[in-house]
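K.L.:
I have a structure I would like to understand better, so I am pasting it below and will then ask my questions one at a time.
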Amino acid sequence: MVRPSPGALALKYALILFACAIVAYPLLWMVTMAFKPYPEWTTGTGMTWFPKNPTLQNFEFIFFGHAKGAVVSLDRTIVGPLIASIVTSVCGTALAVVAGTLSSYAVVRYGILSGLPLQVLQLRLFPPLAVMIPIMVMWAFLGAGDTWWGLSLIYGIVTLPFAFWLMKTFFEEVPIEIEDAARVSGCSHWRVFYRITLPIVAPGLATCALFVFIMNWSDYLLALMLTQKNWMTLPVYMSTLTSAMGGQMYGVKSALGLIAAIPPVVFGLLIQKHLVRGLTFGALKQ
Amino acid sequence: MTDIISTRVADVSGDEAMDGKAPLRRGYWSAVARDGRRLGKWFVAPTVILLLFIVVFPLAMQLYLSFTWWTPLDGVRWYRAFESFNAGDNYARLAVDSALWSAIWRTLVIMVFAVPAQFLLGLGLAYLFVDQFPGRKFFYSVLLTPMMIVPAVVGLMFFLVFQGTGPFNHTFGLPASFTWLTDVHRAMLSVIIADTWQWTPLMFLILLSGMLAVPPDQLLAARLLGGSSWQNFRKIILPRMKPVIAIALVLRSVECFKIFDLNFVMTKGGPGVETETVSLYLYKKTFADLDWAYVGAIGLVILFVLSAIAASGLAFASKKAKG
């Protein structure tokens, strides 16, 4: 490659640093806000990017419902919503990954239901709100509203397209010769799948699970519509903080936002290499 | 043919070939395990059941309800909704529902500004990342972060940033009375900025992967022949990226049309209905007005139109990818 001139390189770094600054701007404000005491929440007394008197009071407040020096207290702490978020995201992920893995393998290897991929993809296209009415009627009918399994079920279905397409691309990369060899030496189809193919795609399976987990964890709308009290997830809990408290709990909400933001960012960085594949339903690989 | 042979082999040797200790089982499941097509049918069963349960049946129900006046307040079970059959009045109503059309208009405004902005910024960033340079991996990770953050949390972040007493006004020396989220014009701008902040990384990611797929020797040859960077970019990189660009634009447009979390957290659709998008309008109709049959009708129409647009867009993209 032709070496870029020092001037061009400097310009490149300047542009990239500028982009990073834009990325950091709102992020940093929220992260530091989480550690700020009440008087520093707004710029009324001069803006501080970093807390002058760093405190864990905000975290204390959402975890225990009260904090030293706080006038108000919370009747609902973060613990319930945190558990709800974890349980429903994990169960929804398990459902999507198991169903997606099995069916994509059947489509790739046995050519069953060759129309299935597009059908599954269709699922992803429409806004969830456009099809929520019958879901809500059904959920009420089944008694699935505001339960962990009701929300997990819908999560599993909504993220199934991602699991399906992602696993499809991973299975397509497994050379059929390996499977044939195993089959010739006497393995049943199930054994070939379970003992040979699945271990080969294990890294892909892990990627897929993390990817789907991020999707489920990030949901707001579905939880908003299908849960009320017992199983509200973190984002829904965040919006109840505003209405319950009257005033705007900037610091407390930031602490909550920080907690909610960490898992997907960590997982996302872990599977960075496969993000393109996942997000474009396997149309592009990196 | 090989399939038949290998199944025969499996039939004969069973599981014993793998480990001699396993007893030879006879029964339904071991027969299924040896028959690829039968096993495959069991494998697709969960997905097919889920699709039937969550797509086919609900859509049929939605179609049925959309021809009635049914609401959950009726006290009538949904399957008896035919009692208030209205012969398509809901569809006639949505054609003249100005609140709906203005919500669609606002959604399109967000799309028209946000998607191209994300595309151009993403394309520019991707161009900076084509070559190796020290720190590339680190900056790459930093720039990808926004799209991994929960959208509702991004909404919160920009809610905080755009407060009158927030950092944005302070940074640019604007007075606290210069509001963003409660201002008729700037509320929309705030939502567009937030959406662009979150999703430019997605464009960047997709476009970069497309750009990296351009054969480097072609670029090198063009450069040695004296093509300027701009010429190379326009004549060599861009034409080769067409399918990738199509995928990125279709994907982002479809997702952008669904926008809900950001503006719901930031403005709740306000001030008034200034940032009320289609999803938010449907949400309000569902929970504030409980007008479920009508929402069902709107949902079906949106579904139909969007599927048609997206299907043709994807067909175009895959045709380009092959051709």
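So you can find residues: chains in the structure tokens are A, B, ... in the order shown, residues in each start at 1, and ligands are numbered from 1 in order.
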Gly155 of chain B: which residues within 10 Å, counting only C-alpha atoms, same-chain residues fewer than 5 positions away excluded, as a PyMOL selection string?

P.N.:
(chain A and resi 257) or (chain B and resi 150+160-161+191+194-195+198+260-267)

K.L.:
What's the 8 Å shell around segment 54-71 of chain A, counting only C-alpha atoms, without same-chain residues fewer than 6 positions away, as a list in words?

P.N.:
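Listed by chain and then number, they are Ala34, Phe35, Lys36, Pro37, Thr77, Ile78, Val79, Gly251, Val252, Ala255 and Leu256 of chain A.
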
K.L.:
May I have the residues from that selection written out with N, CA and C atoms, as a short mmCIF file (atom, residue, chain, number, x, y, z; two decimals), in the first residue's frame?

P.N.:
data_model
loop_
_atom_site.label_atom_id
_atom_site.label_comp_id
_atom_site.auth_asym_id
_atom_site.auth_seq_id
_atom_site.Cartn_x
_atom_site.Cartn_y
_atom_site.Cartn_z
N ALA A 34 -24.29 9.55 37.01
CA ALA A 34 -24.65 8.48 37.94
C ALA A 34 -23.89 8.60 39.26
N PHE A 35 -22.74 9.28 39.23
CA PHE A 35 -21.93 9.39 40.45
C PHE A 35 -21.99 10.79 41.05
N LYS A 36 -22.95 11.58 40.56
CA LYS A 36 -23.04 12.95 41.06
C LYS A 36 -24.12 13.08 42.13
N PRO A 37 -23.85 13.87 43.14
CA PRO A 37 -24.91 14.16 44.12
C PRO A 37 -25.90 15.17 43.54
N THR A 77 -37.64 -1.11 44.23
CA THR A 77 -36.22 -0.96 43.94
C THR A 77 -35.89 -1.63 42.62
N ILE A 78 -34.63 -1.52 42.24
CA ILE A 78 -34.21 -2.03 40.94
C ILE A 78 -34.15 -3.55 40.93
N VAL A 79 -34.11 -4.17 42.10
CA VAL A 79 -33.84 -5.61 42.17
C VAL A 79 -34.84 -6.42 41.35
N GLY A 251 -29.92 11.80 38.40
CA GLY A 251 -28.80 10.98 38.86
C GLY A 251 -29.20 9.53 39.03
N VAL A 252 -30.37 9.33 39.62
CA VAL A 252 -30.84 7.98 39.88
C VAL A 252 -31.10 7.24 38.56
N ALA A 255 -27.86 6.25 36.97
CA ALA A 255 -27.29 5.05 37.58
C ALA A 255 -27.97 3.82 37.00
N LEU A 256 -29.28 3.91 36.88
CA LEU A 256 -30.05 2.80 36.30
C LEU A 256 -29.66 2.57 34.84
#

K.L.:
Please provide the set of residues having any atom within 12 Å of Trp70 of chain B, restricted to only C-alpha atoms, with same-chain residues fewer than 4 positions apart removed, written as an MDAnalysis selection string.

P.N.:
(chainID A and resid 133:134 137) or (chainID B and resid 61:62 64:66 74:86 90 290:297)

K.L.:
Based on the selection just made, write C-alpha atoms of those residues as a tab-separated table (two decimals), in the first residue's frame.

P.N.:
chain	number	residue	atom	x	y	z
A	133	ILE	CA	-53.32	-6.24	19.19
A	134	PRO	CA	-53.89	-9.96	18.63
A	137	VAL	CA	-55.67	-10.46	23.21
B	61	MET	CA	-57.36	-12.80	14.35
B	62	GLN	CA	-56.26	-9.27	13.55
B	64	TYR	CA	-61.10	-10.63	11.79
B	65	LEU	CA	-61.09	-7.99	14.54
B	66	SER	CA	-60.26	-5.20	12.10
B	74	ASP	CA	-66.99	-4.29	25.42
B	75	GLY	CA	-67.04	-7.15	27.86
B	76	VAL	CA	-67.46	-9.37	24.82
B	77	ARG	CA	-64.94	-12.13	24.23
B	78	TRP	CA	-62.84	-11.46	21.14
B	79	TYR	CA	-64.21	-14.42	19.19
B	80	ARG	CA	-67.70	-12.96	19.45
B	81	ALA	CA	-66.55	-9.69	17.93
B	82	PHE	CA	-68.64	-10.39	14.82
B	83	GLU	CA	-71.58	-8.97	16.76
B	84	SER	CA	-70.24	-5.53	15.98
B	85	PHE	CA	-69.27	-6.26	12.38
B	86	ASN	CA	-68.76	-3.00	10.52
B	90	ASN	CA	-62.08	0.94	10.10
B	290	LEU	CA	-58.38	1.29	23.64
B	291	ASP	CA	-59.45	1.41	20.01
B	292	TRP	CA	-58.06	-2.05	19.33
B	293	ALA	CA	-59.96	-3.03	16.22
B	294	TYR	CA	-58.93	0.22	14.54
B	295	VAL	CA	-55.30	-0.23	15.56
B	296	GLY	CA	-55.51	-3.71	14.12
B	297	ALA	CA	-56.67	-2.32	10.79

K.L.:
I'd like the contact shell of segment 98-111 of chain A - 7 Å cut-off, only C-alpha atoms, skipping same-chain residues fewer than 3 positions apart - returned as a ChimeraX atom specification.

P.N.:
/A:94-95,114,160,163-164,167-168,171-172 /B:36-37,40,43-44,46-47

K.L.:
Apply DSSP to the backbone of this structure and, from segment 152-204 of chain A, keep only the residues in helix (DSSP H, G or I); write these as a PyMOL selection string.

P.N.:
chain A and resi 152-172+176-184+189-200+202-204

K.L.:
Keeping only N, CA and C atoms, take the residues you just selected and write them out as a compact mmCIF listing (two decimals), in the first residue's frame.

P.N.:
# COMPACT_ATOMS: atom_id res chain seq x y z
N SER A 152 -40.92 -13.96 27.92
CA SER A 152 -39.84 -14.77 27.33
C SER A 152 -40.28 -15.34 26.00
N LEU A 153 -41.53 -15.79 25.95
CA LEU A 153 -42.06 -16.39 24.73
C LEU A 153 -42.02 -15.39 23.58
N ILE A 154 -42.48 -14.18 23.85
CA ILE A 154 -42.50 -13.19 22.77
C ILE A 154 -41.08 -12.78 22.40
N TYR A 155 -40.18 -12.71 23.37
CA TYR A 155 -38.78 -12.41 23.07
C TYR A 155 -38.19 -13.48 22.18
N GLY A 156 -38.47 -14.74 22.53
CA GLY A 156 -37.93 -15.84 21.73
C GLY A 156 -38.40 -15.75 20.29
N ILE A 157 -39.64 -15.37 20.11
CA ILE A 157 -40.19 -15.32 18.75
C ILE A 157 -39.65 -14.12 17.98
N VAL A 158 -39.57 -12.99 18.65
CA VAL A 158 -39.13 -11.78 17.96
C VAL A 158 -37.67 -11.89 17.52
N THR A 159 -36.84 -12.57 18.30
CA THR A 159 -35.43 -12.66 17.94
C THR A 159 -35.10 -13.93 17.17
N LEU A 160 -36.11 -14.78 16.97
CA LEU A 160 -35.88 -16.01 16.22
C LEU A 160 -35.25 -15.74 14.84
N PRO A 161 -35.69 -14.72 14.09
CA PRO A 161 -35.09 -14.49 12.77
C PRO A 161 -33.58 -14.30 12.84
N PHE A 162 -33.12 -13.56 13.86
CA PHE A 162 -31.68 -13.35 13.98
C PHE A 162 -30.97 -14.66 14.25
N ALA A 163 -31.50 -15.44 15.20
CA ALA A 163 -30.86 -16.71 15.54
C ALA A 163 -30.85 -17.62 14.32
N PHE A 164 -31.98 -17.66 13.64
CA PHE A 164 -32.11 -18.55 12.49
C PHE A 164 -31.09 -18.20 11.40
N TRP A 165 -31.05 -16.94 11.02
CA TRP A 165 -30.18 -16.54 9.91
C TRP A 165 -28.72 -16.61 10.28
N LEU A 166 -28.43 -16.27 11.52
CA LEU A 166 -27.03 -16.32 11.96
C LEU A 166 -26.54 -17.77 11.96
N MET A 167 -27.33 -18.68 12.53
CA MET A 167 -26.91 -20.07 12.58
C MET A 167 -26.87 -20.67 11.18
N LYS A 168 -27.76 -20.20 10.32
CA LYS A 168 -27.76 -20.70 8.95
C LYS A 168 -26.41 -20.44 8.30
N THR A 169 -25.89 -19.22 8.48
CA THR A 169 -24.60 -18.92 7.85
C THR A 169 -23.48 -19.75 8.47
N PHE A 170 -23.58 -20.03 9.77
CA PHE A 170 -22.53 -20.84 10.40
C PHE A 170 -22.60 -22.29 9.91
N PHE A 171 -23.79 -22.82 9.79
CA PHE A 171 -23.92 -24.20 9.31
C PHE A 171 -23.45 -24.33 7.87
N GLU A 172 -23.73 -23.29 7.07
CA GLU A 172 -23.32 -23.37 5.68
C GLU A 172 -21.81 -23.44 5.52
N ILE A 176 -19.54 -30.32 4.18
CA ILE A 176 -20.43 -31.47 4.25
C ILE A 176 -19.62 -32.77 4.28
N GLU A 177 -18.38 -32.72 3.81
CA GLU A 177 -17.55 -33.93 3.78
C GLU A 177 -17.35 -34.50 5.18
N ILE A 178 -17.19 -33.59 6.14
CA ILE A 178 -16.97 -34.07 7.51
C ILE A 178 -18.18 -34.88 7.97
N GLU A 179 -19.36 -34.33 7.70
CA GLU A 179 -20.57 -35.01 8.13
C GLU A 179 -20.74 -36.33 7.38
N ASP A 180 -20.44 -36.29 6.08
CA ASP A 180 -20.58 -37.51 5.30
C ASP A 180 -19.65 -38.60 5.82
N ALA A 181 -18.43 -38.18 6.13
CA ALA A 181 -17.46 -39.16 6.62
C ALA A 181 -17.97 -39.82 7.89
N ALA A 182 -18.52 -39.01 8.78
CA ALA A 182 -19.03 -39.55 10.04
C ALA A 182 -20.20 -40.48 9.78
N ARG A 183 -21.03 -40.07 8.81
CA ARG A 183 -22.21 -40.87 8.53
C ARG A 183 -21.81 -42.22 7.92
N VAL A 184 -20.83 -42.18 7.05
CA VAL A 184 -20.36 -43.41 6.43
C VAL A 184 -19.79 -44.35 7.48
N HIS A 189 -27.95 -39.67 11.95
CA HIS A 189 -28.02 -38.25 11.66
C HIS A 189 -28.00 -37.41 12.92
N TRP A 190 -28.71 -37.86 13.93
CA TRP A 190 -28.76 -37.11 15.18
C TRP A 190 -27.37 -37.01 15.80
N ARG A 191 -26.66 -38.15 15.75
CA ARG A 191 -25.32 -38.19 16.33
C ARG A 191 -24.37 -37.28 15.57
N VAL A 192 -24.50 -37.27 14.26
CA VAL A 192 -23.65 -36.38 13.45
C VAL A 192 -23.90 -34.93 13.85
N PHE A 193 -25.18 -34.59 13.98
CA PHE A 193 -25.53 -33.23 14.35
C PHE A 193 -24.99 -32.87 15.73
N TYR A 194 -25.26 -33.80 16.68
CA TYR A 194 -25.01 -33.48 18.08
C TYR A 194 -23.53 -33.56 18.43
N ARG A 195 -22.85 -34.58 17.84
CA ARG A 195 -21.48 -34.84 18.24
C ARG A 195 -20.45 -34.21 17.31
N ILE A 196 -20.83 -33.93 16.08
CA ILE A 196 -19.84 -33.44 15.11
C ILE A 196 -20.10 -32.00 14.71
N THR A 197 -21.30 -31.74 14.17
CA THR A 197 -21.55 -30.41 13.65
C THR A 197 -21.66 -29.37 14.76
N LEU A 198 -22.41 -29.71 15.80
CA LEU A 198 -22.62 -28.74 16.86
C LEU A 198 -21.31 -28.28 17.51
N PRO A 199 -20.40 -29.21 17.85
CA PRO A 199 -19.12 -28.74 18.39
C PRO A 199 -18.35 -27.85 17.41
N ILE A 200 -18.48 -28.13 16.11
CA ILE A 200 -17.76 -27.30 15.14
C ILE A 200 -18.31 -25.88 15.16
N ALA A 202 -19.75 -24.43 17.62
CA ALA A 202 -19.91 -23.92 19.00
C ALA A 202 -19.57 -22.44 19.14
N PRO A 203 -18.46 -21.95 18.56
CA PRO A 203 -18.19 -20.51 18.67
C PRO A 203 -19.31 -19.69 18.05
N GLY A 204 -19.83 -20.15 16.92
CA GLY A 204 -20.94 -19.46 16.27
C GLY A 204 -22.17 -19.45 17.14

K.L.:
Do you have the atom CA of Trp231 of chain A-atom CA of Ala84 of chain A distance handy?

P.N.:
5.3 Å

K.L.:
Nearest to Val265 of chain A among B:Pro116, B:Pro146, B:Gly88, B:Gly135, with distances taken over only C-alpha atoms: which residue is it?

P.N.:
B:Pro146

K.L.:
Quick one: of B:Met148, B:Met241, B:Leu174, B:Leu108, who's nearest to chain A, counting only C-alpha atoms?

P.N.:
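Between B:Met148, B:Met241, B:Leu174, B:Leu108, the residue approaching chain A most closely is B:Met148.
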
K.L.:
By how many Å are atom CA of Val276 of chain A and atom CA of Phe158 of chain B apart?

P.N.:
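Interatomic distance, atom CA of Val276 of chain A to atom CA of Phe158 of chain B: 26.0 Å.
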